[in-house]
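Dropping protein.txt in here (compact mmCIF, C-alpha atoms):
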# COMPACT_ATOMS: atom_id res chain seq x y z
CA MET A 1 -205.87 -70.85 15.34
CA PHE A 2 -204.01 -70.36 18.61
CA HIS A 3 -204.68 -72.89 21.35
CA THR A 4 -203.63 -73.05 25.00
CA ARG A 5 -203.24 -76.09 27.21
CA ALA A 6 -202.07 -75.93 30.78
CA PHE A 7 -199.79 -78.56 32.29
CA LEU A 8 -201.54 -78.63 35.68
CA ALA A 9 -200.56 -81.78 37.49
CA ALA A 10 -202.33 -82.88 40.65
CA PHE A 11 -199.51 -81.58 42.86
CA VAL A 12 -200.03 -78.10 41.35
CA LEU A 13 -203.79 -78.02 41.87
CA ALA A 14 -203.59 -78.57 45.63
CA PRO A 15 -201.57 -75.42 46.40
CA LEU A 16 -203.61 -73.46 43.85
CA ILE A 17 -206.83 -74.26 45.74
CA ALA A 18 -205.18 -73.52 49.08
CA LEU A 19 -203.84 -70.13 47.99
CA THR A 20 -206.72 -68.84 45.91
CA GLY A 21 -209.75 -70.75 47.18
CA VAL A 22 -210.81 -71.84 43.69
CA SER A 23 -212.15 -75.21 42.66
CA PRO A 24 -210.28 -77.69 40.40
CA ALA A 25 -212.68 -76.83 37.57
CA MET A 26 -211.89 -73.13 37.92
CA ALA A 27 -208.20 -73.93 38.20
CA GLN A 28 -208.35 -75.53 34.76
CA GLU A 29 -209.41 -72.22 33.21
CA SER A 30 -206.53 -70.77 31.28
CA PRO A 31 -204.99 -67.63 32.80
CA ILE A 32 -203.50 -66.77 29.39
CA SER A 33 -204.80 -66.73 25.83
CA GLY A 34 -203.18 -65.72 22.58
CA ARG A 35 -203.31 -65.39 18.84
CA ILE A 36 -200.99 -64.79 15.92
CA ILE A 37 -201.15 -61.33 14.32
CA GLN A 38 -200.56 -61.25 10.56
CA GLY A 39 -198.22 -58.38 9.79
CA TRP A 40 -196.52 -57.28 6.59
CA THR A 41 -193.69 -58.27 4.27
CA LEU A 42 -190.47 -56.22 4.31
CA PRO A 43 -188.58 -55.30 1.12
CA ASP A 44 -185.97 -57.99 1.88
CA GLY A 45 -188.67 -60.68 1.96
CA ARG A 46 -188.90 -61.13 5.73
CA MET A 47 -192.38 -61.31 7.22
CA VAL A 48 -193.40 -59.37 10.31
CA ALA A 49 -195.89 -61.11 12.59
CA GLY A 50 -196.65 -61.10 16.30
CA LEU A 51 -197.71 -63.19 19.28
CA ASP A 52 -200.64 -61.38 20.89
CA LEU A 53 -200.94 -62.57 24.52
CA THR A 54 -203.68 -61.64 26.99
CA LEU A 55 -203.42 -62.54 30.68
CA GLN A 56 -206.22 -62.75 33.20
CA PRO A 57 -206.19 -60.08 35.96
CA GLY A 58 -203.55 -60.82 38.59
CA TRP A 59 -201.48 -63.08 36.33
CA LYS A 60 -198.11 -62.39 34.69
CA THR A 61 -195.70 -64.14 32.37
CA TYR A 62 -191.99 -63.76 31.80
CA TRP A 63 -189.40 -62.02 29.64
CA ARG A 64 -186.51 -63.90 27.99
CA ALA A 65 -184.38 -63.30 31.14
CA PRO A 66 -187.03 -63.65 33.87
CA GLY A 67 -184.93 -63.16 37.01
CA ASP A 68 -184.38 -65.62 39.83
CA ALA A 69 -188.11 -66.04 40.45
CA GLY A 70 -189.23 -66.53 36.84
CA ILE A 71 -189.53 -69.18 34.15
CA PRO A 72 -187.87 -68.36 30.81
CA PRO A 73 -190.06 -68.86 27.71
CA GLN A 74 -188.98 -71.48 25.15
CA PHE A 75 -189.99 -71.72 21.48
CA ASP A 76 -190.10 -74.73 19.17
CA TRP A 77 -190.46 -73.93 15.46
CA SER A 78 -189.59 -77.44 14.22
CA ARG A 79 -193.06 -78.06 12.78
CA ALA A 80 -193.17 -74.78 10.85
CA ARG A 81 -193.05 -74.83 7.06
CA ASN A 82 -191.06 -72.50 4.79
CA VAL A 83 -189.41 -70.94 7.83
CA GLY A 84 -185.64 -70.48 7.84
CA ARG A 85 -185.30 -68.27 10.89
CA VAL A 86 -187.43 -66.47 13.47
CA ASP A 87 -186.08 -63.41 15.30
CA ILE A 88 -187.94 -62.13 18.36
CA THR A 89 -188.18 -58.47 19.36
CA TRP A 90 -189.02 -58.35 23.06
CA PRO A 91 -190.99 -55.26 24.17
CA THR A 92 -189.64 -53.54 27.27
CA PRO A 93 -190.78 -55.65 30.25
CA HIS A 94 -191.93 -54.74 33.75
CA VAL A 95 -189.93 -55.38 36.93
CA PHE A 96 -192.05 -57.14 39.57
CA HIS A 97 -191.31 -57.37 43.30
CA GLN A 98 -193.23 -59.99 45.26
CA ASN A 99 -192.44 -61.79 48.53
CA GLY A 100 -188.94 -60.35 48.57
CA MET A 101 -188.13 -61.68 45.09
CA ARG A 102 -187.69 -59.87 41.79
CA SER A 103 -188.91 -61.09 38.42
CA ILE A 104 -189.14 -59.54 34.96
CA GLY A 105 -192.01 -59.96 32.54
CA TYR A 106 -195.42 -58.84 31.40
CA LYS A 107 -198.94 -58.47 32.75
CA ASP A 108 -202.38 -57.80 31.24
CA HIS A 109 -201.49 -57.76 27.52
CA VAL A 110 -198.36 -57.92 25.40
CA VAL A 111 -197.60 -58.27 21.68
CA ILE A 112 -194.26 -59.92 20.91
CA PRO A 113 -193.10 -59.08 17.36
CA LEU A 114 -191.54 -61.78 15.16
CA HIS A 115 -189.39 -61.33 12.06
CA ILE A 116 -189.65 -64.48 9.95
CA GLN A 117 -187.15 -65.32 7.22
CA PRO A 118 -188.87 -67.65 4.70
CA LYS A 119 -186.81 -70.37 3.06
CA ALA A 120 -188.54 -69.56 -0.23
CA LEU A 121 -189.20 -65.86 -0.67
CA GLY A 122 -192.59 -64.78 -1.97
CA ARG A 123 -194.38 -67.87 -0.70
CA ALA A 124 -196.71 -68.33 2.25
CA VAL A 125 -195.35 -69.43 5.62
CA ARG A 126 -197.00 -71.97 7.89
CA LEU A 127 -196.11 -70.76 11.39
CA ARG A 128 -196.72 -73.92 13.37
CA GLY A 129 -195.04 -74.49 16.70
CA GLU A 130 -195.08 -74.27 20.46
CA MET A 131 -194.24 -71.76 23.15
CA ASP A 132 -193.60 -73.10 26.66
CA LEU A 133 -193.88 -70.41 29.29
CA GLY A 134 -194.65 -69.85 32.92
CA VAL A 135 -197.60 -67.87 34.23
CA CYS A 136 -197.80 -66.72 37.84
CA SER A 137 -200.29 -65.32 40.30
CA ASP A 138 -200.14 -66.65 43.86
CA ILE A 139 -198.39 -69.67 42.38
CA CYS A 140 -196.55 -70.35 39.13
CA VAL A 141 -197.70 -72.95 36.62
CA PRO A 142 -196.25 -73.98 33.25
CA HIS A 143 -198.30 -73.54 30.10
CA ARG A 144 -197.89 -74.42 26.47
CA LEU A 145 -199.24 -72.31 23.64
CA ASP A 146 -199.77 -74.29 20.44
CA PHE A 147 -200.14 -72.28 17.26
CA ASP A 148 -200.71 -73.09 13.61
CA THR A 149 -201.25 -70.12 11.30
CA THR A 150 -200.58 -69.56 7.61
CA LEU A 151 -199.10 -66.14 6.85
CA ASP A 152 -199.76 -64.70 3.41
CA ALA A 153 -196.66 -63.55 1.56
CA ALA A 154 -198.47 -60.62 -0.09
CA PRO A 155 -197.20 -57.22 1.11
CA VAL A 156 -199.60 -55.37 3.38
CA LYS A 157 -199.49 -52.10 5.29
CA PRO A 158 -198.06 -52.13 8.83
CA VAL A 159 -200.56 -53.24 11.48
CA PRO A 160 -200.87 -50.51 14.16
CA THR A 161 -200.88 -52.92 17.13
CA LEU A 162 -197.78 -54.68 15.86
CA ALA A 163 -196.03 -51.44 14.90
CA ALA A 164 -196.70 -50.12 18.42
CA ALA A 165 -195.14 -53.24 19.93
CA LEU A 166 -192.00 -52.76 17.82
CA ALA A 167 -191.81 -49.17 19.09
CA GLN A 168 -191.83 -50.50 22.68
CA ALA A 169 -188.50 -52.29 22.24
CA PRO A 170 -185.56 -50.99 24.31
CA PHE A 171 -183.38 -48.25 22.86
CA SER A 172 -180.29 -49.36 20.98
CA ARG A 173 -176.81 -48.44 22.13
CA ARG A 174 -176.76 -45.48 19.72
CA GLU A 175 -180.29 -44.29 20.57
CA ALA A 176 -179.54 -44.29 24.31
CA GLY A 177 -176.24 -42.43 23.93
CA VAL A 178 -174.01 -45.21 25.30
CA ILE A 179 -170.39 -44.01 25.27
CA ALA A 180 -168.71 -47.16 26.60
CA ALA A 181 -169.58 -50.57 28.08
CA THR A 182 -166.95 -52.67 29.85
CA CYS A 183 -167.06 -56.08 31.55
CA THR A 184 -164.59 -57.09 34.26
CA LEU A 185 -164.39 -60.82 35.05
CA ARG A 186 -163.21 -62.37 38.33
CA PRO A 187 -162.94 -66.16 38.81
CA LEU A 188 -164.83 -67.70 41.73
CA ASP A 189 -164.55 -71.18 43.26
CA ASP A 190 -167.80 -72.24 41.61
CA GLY A 191 -168.07 -69.88 38.65
CA MET A 192 -167.27 -66.31 37.74
CA GLU A 193 -168.20 -62.80 38.82
CA VAL A 194 -168.86 -60.14 36.20
CA THR A 195 -168.96 -56.40 36.82
CA VAL A 196 -170.41 -54.28 34.05
CA ARG A 197 -169.84 -50.54 33.79
CA VAL A 198 -171.86 -48.58 31.25
CA GLN A 199 -171.32 -44.89 30.53
CA VAL A 200 -174.82 -43.78 29.60
CA PRO A 201 -177.36 -41.15 30.71
CA SER A 202 -179.92 -42.34 33.26
CA SER A 203 -182.94 -44.23 31.96
CA GLY A 204 -184.99 -42.92 34.87
CA GLY A 205 -185.80 -43.88 38.45
CA THR A 206 -184.28 -46.92 40.13
CA GLU A 207 -182.57 -48.73 37.29
CA VAL A 208 -182.26 -52.51 36.98
CA ALA A 209 -179.49 -54.07 34.90
CA VAL A 210 -179.87 -57.58 33.47
CA ILE A 211 -176.71 -59.39 32.34
CA GLU A 212 -176.99 -62.26 29.85
CA PRO A 213 -173.74 -64.11 28.99
CA ASN A 214 -175.47 -66.09 26.21
CA ILE A 215 -173.65 -69.28 27.17
CA PRO A 216 -175.74 -72.49 27.12
CA GLY A 217 -176.14 -73.93 30.60
CA VAL A 218 -174.82 -70.87 32.44
CA TRP A 219 -177.02 -69.35 35.14
CA THR A 220 -176.62 -65.66 36.06
CA SER A 221 -177.69 -64.19 39.39
CA GLU A 222 -179.71 -61.03 39.89
CA ALA A 223 -177.34 -58.12 39.26
CA GLN A 224 -176.70 -55.57 42.00
CA THR A 225 -177.07 -52.24 40.21
CA SER A 226 -175.92 -48.74 41.18
CA ARG A 227 -175.19 -45.45 39.46
CA GLN A 228 -172.71 -42.61 39.95
CA GLY A 229 -173.29 -39.75 37.55
CA ASN A 230 -173.29 -41.05 33.98
CA VAL A 231 -171.83 -44.44 34.91
CA LEU A 232 -174.07 -47.38 35.77
CA SER A 233 -172.43 -50.39 37.46
CA ALA A 234 -173.85 -53.88 37.87
CA THR A 235 -172.32 -57.01 39.40
CA ALA A 236 -173.59 -60.58 39.07
CA GLN A 237 -172.35 -64.14 39.53
CA MET A 238 -172.32 -66.73 36.75
CA MET A 239 -172.29 -70.49 37.25
CA HIS A 240 -172.59 -73.45 34.88
CA ASN A 241 -175.45 -75.82 35.70
CA SER A 242 -172.99 -78.72 35.68
CA GLY A 243 -170.49 -76.89 37.88
CA ARG A 244 -167.78 -77.12 35.24
CA PRO A 245 -165.60 -74.19 34.11
CA PHE A 246 -166.68 -72.08 31.14
CA ALA A 247 -165.27 -69.34 28.92
CA VAL A 248 -166.91 -65.92 28.47
CA ASN A 249 -167.04 -64.14 25.13
CA ARG A 250 -167.47 -60.46 25.93
CA SER A 251 -168.75 -59.68 22.43
CA ALA A 252 -171.67 -62.08 23.05
CA MET A 253 -172.63 -60.51 26.39
CA ARG A 254 -175.96 -58.70 26.45
CA ILE A 255 -176.76 -55.98 28.98
CA THR A 256 -180.25 -54.56 29.35
CA ILE A 257 -180.93 -51.52 31.51
CA LEU A 258 -184.53 -51.10 32.65
CA GLY A 259 -185.53 -47.65 33.90
CA SER A 260 -188.74 -45.75 34.54
CA LYS A 261 -188.46 -43.73 31.31
CA HIS A 262 -187.05 -46.28 28.89
CA ALA A 263 -184.86 -49.37 28.53
CA VAL A 264 -181.48 -49.82 26.82
CA ASP A 265 -180.25 -52.93 24.99
CA ILE A 266 -176.44 -53.21 24.75
CA GLN A 267 -174.84 -55.94 22.66
CA GLY A 268 -171.30 -56.77 23.74
CA CYS A 269 -168.76 -55.13 26.03
CA THR A 270 -165.00 -54.63 26.15
CA ALA A 271 -162.50 -55.66 28.82
CA GLY A 272 -162.67 -53.48 31.90
What's the structure tokens form of this structure?
Amino acid sequence: MFHTRAFLAAFVLAPLIALTGVSPAMAQESPISGRIIQGWTLPDGRMVAGLDLTLQPGWKTYWRAPGDAGIPPQFDWSRARNVGRVDITWPTPHVFHQNGMRSIGYKDHVVIPLHIQPKALGRAVRLRGEMDLGVCSDICVPHRLDFDTTLDAAPVKPVPTLAAALAQAPFSRREAGVIAATCTLRPLDDGMEVTVRVQVPSSGGTEVAVIEPNIPGVWTSEAQTSRQGNVLSATAQMMHNSGRPFAVNRSAMRITILGSKHAVDIQGCTAG
């Protein structure tokens, strides 16, 4: 089963009623529901499963890097059994613009594929855990999805819905035709500025670049993105939550380009 409980404190309900005109009873209705999709077992023993999330009309939730206006999702697998590792494949998200702010995430319906490495191959997995996420309409509220599902270890054919979600992942560096990706760093008084230059064909329309340094505690601003020919440039500021200095490992940097035709996922960059 997949359960949802909203963390709606009294101070959240008041603005919800003011903005939407709904009653407290209506406000308690969950704007998001979900279930676990049983997938298949790969030849190497990993299991493919998925989080199938459905949002009420007008509501959205967020991608792993949600932008300045979003809430990043967090997972807790500590109560799972026979689970060594869980890798998440994020489908290409939408870019939302609301009230002069940009956020990145999903609306209506999304399936998030999971690749689960069992501790003991060939045995069932109990996928028990929590997903904390934000959902937004006129306001944003935190939610927790509790799930507890046993996945059979027997091989099965790919599930179309889950296979389609895997196909919606961003293109890899090779698939997108990336020739080079460089990162130039410049120290600031309170952090660091990074400028990324990627030599890659356009992904369509007005492109948005998202820069993730993958450093715990480091916040990254919305990147200012531009393109000249086959070179996309993006500049953002990075700052540690504590205000202390930090080191950047370029090989750990992750750059995602979101365009109207497709997205590109680039792991690592070289010195600019």
Polymer residues at most 6 Å from range 252-260 of chain A, all atoms listed in the file, same-chain spacing of 5 or more positions, as a ChimeraX atom specification:
/A:203-205,207-213,265-268
State, in Å with one decimal place, the distance from CA of Val248 in chain A to CA of Val178 in chain A.
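Between CA of Val248 in chain A and CA of Val178 in chain A the gap works out to 22.1 Å.
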Looking at all atoms listed in the file, which of A:Ser221, A:Gln228, A:Thr270, A:Asn214 is the one that sits closest to Thr182 in chain A?
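Counting all atoms listed in the file, the residue closest to Thr182 in chain A is A:Thr270.
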Which one of A:Pro57, A:Gly191, A:Pro118, A:Pro66 sits closest to Phe96 in chain A if you count only C-alpha atoms?
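Among the listed residues, the smallest separation from Phe96 in chain A belongs to A:Pro66.
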Would you kindly identify which residues have an atom no farther than 10 Å from (-189.0, -74.7, 15.3), using all atoms listed in the file and the file's own coordinates, and write them out as a PDB file with C-alpha atoms, keeping the file's coordinate frame?
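Result written to result-v2.pdb:
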ATOM      1  CA  PHE A  75    -189.990 -71.720  21.480  1.00  0.00           C
ATOM      2  CA  ASP A  76    -190.100 -74.730  19.170  1.00  0.00           C
ATOM      3  CA  TRP A  77    -190.460 -73.930  15.460  1.00  0.00           C
ATOM      4  CA  SER A  78    -189.590 -77.440  14.220  1.00  0.00           C
ATOM      5  CA  ARG A  79    -193.060 -78.060  12.780  1.00  0.00           C
ATOM      6  CA  ALA A  80    -193.170 -74.780  10.850  1.00  0.00           C
ATOM      7  CA  ARG A  81    -193.050 -74.830   7.060  1.00  0.00           C
ATOM      8  CA  VAL A  83    -189.410 -70.940   7.830  1.00  0.00           C
ATOM      9  CA  GLY A  84    -185.640 -70.480   7.840  1.00  0.00           C
ATOM     10  CA  ARG A  85    -185.300 -68.270  10.890  1.00  0.00           C
ATOM     11  CA  VAL A  86    -187.430 -66.470  13.470  1.00  0.00           C
ATOM     12  CA  LEU A 127    -196.110 -70.760  11.390  1.00  0.00           C
ATOM     13  CA  ARG A 128    -196.720 -73.920  13.370  1.00  0.00           C
ATOM     14  CA  GLY A 129    -195.040 -74.490  16.700  1.00  0.00           C
ATOM     15  CA  GLU A 130    -195.080 -74.270  20.460  1.00  0.00           C
ATOM     16  CA  MET A 131    -194.240 -71.760  23.150  1.00  0.00           C
TER      17      MET A 131
END
Using all atoms listed in the file, pick whichever of A:Lys157, A:Arg35, A:Arg144, A:Lys107 has the shortest atom-to-atom distance to Val95 in chain A.
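Among A:Lys157, A:Arg35, A:Arg144, A:Lys107, it is A:Lys107 that comes nearest to Val95 in chain A.
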Which one of A:Gly70, A:Phe147, A:Ser103, A:Gly45 sits closest to Ser33 in chain A if you count all atoms listed in the file?
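Of the candidates, the smallest distance to Ser33 in chain A is held by A:Phe147.
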Could you state the separation of CA of Ala236 in chain A and CA of Gln199 in chain A in Å, given to one decimal place?
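Straight-line distance from CA of Ala236 in chain A to CA of Gln199 in chain A works out to 18.0 Å.
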Take the point (-192.2, -62.2, 34.4) in the file's coordinates, draw a sphere of radius 9 Å around it, and report as a ChimeraX atom specification every protein, DNA or RNA residue with an atom inside or on it, counting all atoms listed in the file.
/A:60-67,69-72,93-96,102-107,134-136
My list of candidates is A:Val159, A:Ile32, A:Val194, A:Leu114. Which is closest to Trp90 in chain A when distances are computed with all atoms listed in the file?
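Using all atoms listed in the file, the shortest distance to Trp90 in chain A belongs to A:Leu114.
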I'd like the interatomic distance between CA of Glu222 in chain A and CA of Ala165 in chain A, to a tenth of an Å.
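These two atoms are separated by 26.4 Å.
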Any idea what's packed within 8 Å of Thr150 in chain A, counting all atoms listed in the file, ignoring anything in its chain fewer than 6 positions away? Could you give it as a ChimeraX atom specification?
/A:124-127
Write the residues you've just listed into a file as a PDB file, in the frame of the given file, and include C-alpha atoms for each of them.
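Saved file out14.pdb follows:
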ATOM      1  CA  ALA A 124    -196.710 -68.330   2.250  1.00  0.00           C
ATOM      2  CA  VAL A 125    -195.350 -69.430   5.620  1.00  0.00           C
ATOM      3  CA  ARG A 126    -197.000 -71.970   7.890  1.00  0.00           C
ATOM      4  CA  LEU A 127    -196.110 -70.760  11.390  1.00  0.00           C
TER       5      LEU A 127
END
Spatial neighbours of Ala169 in chain A, 10 Å, all atoms listed in the file, chain gap at least 2 places, as JSON, numbers by chain
{"A": [89, 90, 91, 92, 93, 112, 113, 164, 165, 166, 167, 171, 172, 262, 263, 264, 265]}
Name the residues in contact with Trp219 in chain A at a cut-off of 8 Å, using only C-alpha atoms, excluding same-chain residues fewer than 4 positions from it; report them as a tab-separated table (two decimals) with C-alpha atoms, in the frame of the given file.
chain	number	residue	atom	x	y	z
A	238	MET	CA	-172.32	-66.73	36.75
A	239	MET	CA	-172.29	-70.49	37.25
A	240	HIS	CA	-172.59	-73.45	34.88
A	241	ASN	CA	-175.45	-75.82	35.70
So that all listed atoms of range 109-112 of chain A fit with 8 Å spare on each side, what axis-aligned box centre and edge lengths in Å, to one decimal, would you give as AutoDock Vina command-line options?
--center_x -197.9 --center_y -58.8 --center_z 24.2 --size_x 23.2 --size_y 18.2 --size_z 22.6
Pick the closest to Gln38 in chain A from A:Ser251, A:Ser137, A:Thr149, A:Asn99: which is it, counting all atoms listed in the file?
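Selected residue with least distance to Gln38 in chain A: A:Thr149.
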Residues near Pro155 in chain A, anyone? I mean within 12 Å using all atoms listed in the file, not counting same-chain ones fewer than 2 positions away, as a ChimeraX atom specification.
/A:38-48,121-124,151-153,157-159
Go ahead and write the residues just picked, C-alpha atoms, as a tab-separated table (two decimals), in the coordinates of the input.
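And here's again_7.tsv as it stands now:
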chain	number	residue	atom	x	y	z
A	38	GLN	CA	-200.56	-61.25	10.56
A	39	GLY	CA	-198.22	-58.38	9.79
A	40	TRP	CA	-196.52	-57.28	6.59
A	41	THR	CA	-193.69	-58.27	4.27
A	42	LEU	CA	-190.47	-56.22	4.31
A	43	PRO	CA	-188.58	-55.30	1.12
A	44	ASP	CA	-185.97	-57.99	1.88
A	45	GLY	CA	-188.67	-60.68	1.96
A	46	ARG	CA	-188.90	-61.13	5.73
A	47	MET	CA	-192.38	-61.31	7.22
A	48	VAL	CA	-193.40	-59.37	10.31
A	121	LEU	CA	-189.20	-65.86	-0.67
A	122	GLY	CA	-192.59	-64.78	-1.97
A	123	ARG	CA	-194.38	-67.87	-0.70
A	124	ALA	CA	-196.71	-68.33	2.25
A	151	LEU	CA	-199.10	-66.14	6.85
A	152	ASP	CA	-199.76	-64.70	3.41
A	153	ALA	CA	-196.66	-63.55	1.56
A	157	LYS	CA	-199.49	-52.10	5.29
A	158	PRO	CA	-198.06	-52.13	8.83
A	159	VAL	CA	-200.56	-53.24	11.48
N, CA and C atoms modelled onto range 172-199 of chain A, as a CSV table (one decimal), in the frame of the given file:
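To be explicit, this is the file written out as selection_14.csv:
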chain,number,residue,atom,x,y,z
A,172,SER,N,-181.6,-48.8,21.4
A,172,SER,CA,-180.3,-49.4,21.0
A,172,SER,C,-179.2,-48.6,21.7
A,173,ARG,N,-178.0,-49.1,21.6
A,173,ARG,CA,-176.8,-48.4,22.1
A,173,ARG,C,-176.7,-47.0,21.6
A,174,ARG,N,-176.9,-46.8,20.3
A,174,ARG,CA,-176.8,-45.5,19.7
A,174,ARG,C,-177.9,-44.6,20.2
A,175,GLU,N,-179.1,-45.1,20.2
A,175,GLU,CA,-180.3,-44.3,20.6
A,175,GLU,C,-180.2,-43.8,22.0
A,176,ALA,N,-179.6,-44.6,22.9
A,176,ALA,CA,-179.5,-44.3,24.3
A,176,ALA,C,-178.4,-43.4,24.6
A,177,GLY,N,-177.4,-43.3,23.7
A,177,GLY,CA,-176.2,-42.4,23.9
A,177,GLY,C,-175.2,-43.1,24.8
A,178,VAL,N,-175.0,-44.5,24.6
A,178,VAL,CA,-174.0,-45.2,25.3
A,178,VAL,C,-172.6,-44.8,24.8
A,179,ILE,N,-171.7,-44.4,25.7
A,179,ILE,CA,-170.4,-44.0,25.3
A,179,ILE,C,-169.4,-45.2,25.4
A,180,ALA,N,-169.6,-46.0,26.4
A,180,ALA,CA,-168.7,-47.2,26.6
A,180,ALA,C,-169.4,-48.2,27.5
A,181,ALA,N,-169.1,-49.5,27.3
A,181,ALA,CA,-169.6,-50.6,28.1
A,181,ALA,C,-168.4,-51.6,28.3
A,182,THR,N,-168.0,-51.8,29.5
A,182,THR,CA,-167.0,-52.7,29.8
A,182,THR,C,-167.4,-53.8,30.8
A,183,CYS,N,-166.8,-54.9,30.7
A,183,CYS,CA,-167.1,-56.1,31.6
A,183,CYS,C,-165.8,-56.6,32.2
A,184,THR,N,-165.7,-56.6,33.5
A,184,THR,CA,-164.6,-57.1,34.3
A,184,THR,C,-165.0,-58.4,34.8
A,185,LEU,N,-164.1,-59.4,34.6
A,185,LEU,CA,-164.4,-60.8,35.0
A,185,LEU,C,-163.5,-61.2,36.2
A,186,ARG,N,-164.0,-61.9,37.2
A,186,ARG,CA,-163.2,-62.4,38.3
A,186,ARG,C,-163.6,-63.8,38.6
A,187,PRO,N,-162.6,-64.8,38.5
A,187,PRO,CA,-162.9,-66.2,38.8
A,187,PRO,C,-163.4,-66.4,40.3
A,188,LEU,N,-164.4,-67.3,40.4
A,188,LEU,CA,-164.8,-67.7,41.7
A,188,LEU,C,-164.6,-69.2,41.9
A,189,ASP,N,-164.7,-69.7,43.1
A,189,ASP,CA,-164.6,-71.2,43.3
A,189,ASP,C,-165.5,-72.0,42.4
A,190,ASP,N,-166.8,-71.5,42.3
A,190,ASP,CA,-167.8,-72.2,41.6
A,190,ASP,C,-168.3,-71.5,40.4
A,191,GLY,N,-167.6,-70.6,39.8
A,191,GLY,CA,-168.1,-69.9,38.6
A,191,GLY,C,-167.3,-68.6,38.4
A,192,MET,N,-168.0,-67.6,38.1
A,192,MET,CA,-167.3,-66.3,37.7
A,192,MET,C,-168.2,-65.1,38.1
A,193,GLU,N,-167.5,-64.1,38.5
A,193,GLU,CA,-168.2,-62.8,38.8
A,193,GLU,C,-167.9,-61.8,37.7
A,194,VAL,N,-169.0,-61.1,37.3
A,194,VAL,CA,-168.9,-60.1,36.2
A,194,VAL,C,-169.3,-58.8,36.7
A,195,THR,N,-168.6,-57.8,36.5
A,195,THR,CA,-169.0,-56.4,36.8
A,195,THR,C,-169.0,-55.6,35.5
A,196,VAL,N,-170.2,-55.1,35.3
A,196,VAL,CA,-170.4,-54.3,34.0
A,196,VAL,C,-170.4,-52.8,34.4
A,197,ARG,N,-169.8,-52.0,33.6
A,197,ARG,CA,-169.8,-50.5,33.8
A,197,ARG,C,-170.2,-49.9,32.4
A,198,VAL,N,-171.3,-49.2,32.5
A,198,VAL,CA,-171.9,-48.6,31.2
A,198,VAL,C,-171.9,-47.1,31.4
A,199,GLN,N,-171.3,-46.4,30.5
A,199,GLN,CA,-171.3,-44.9,30.5
A,199,GLN,C,-172.5,-44.5,29.7
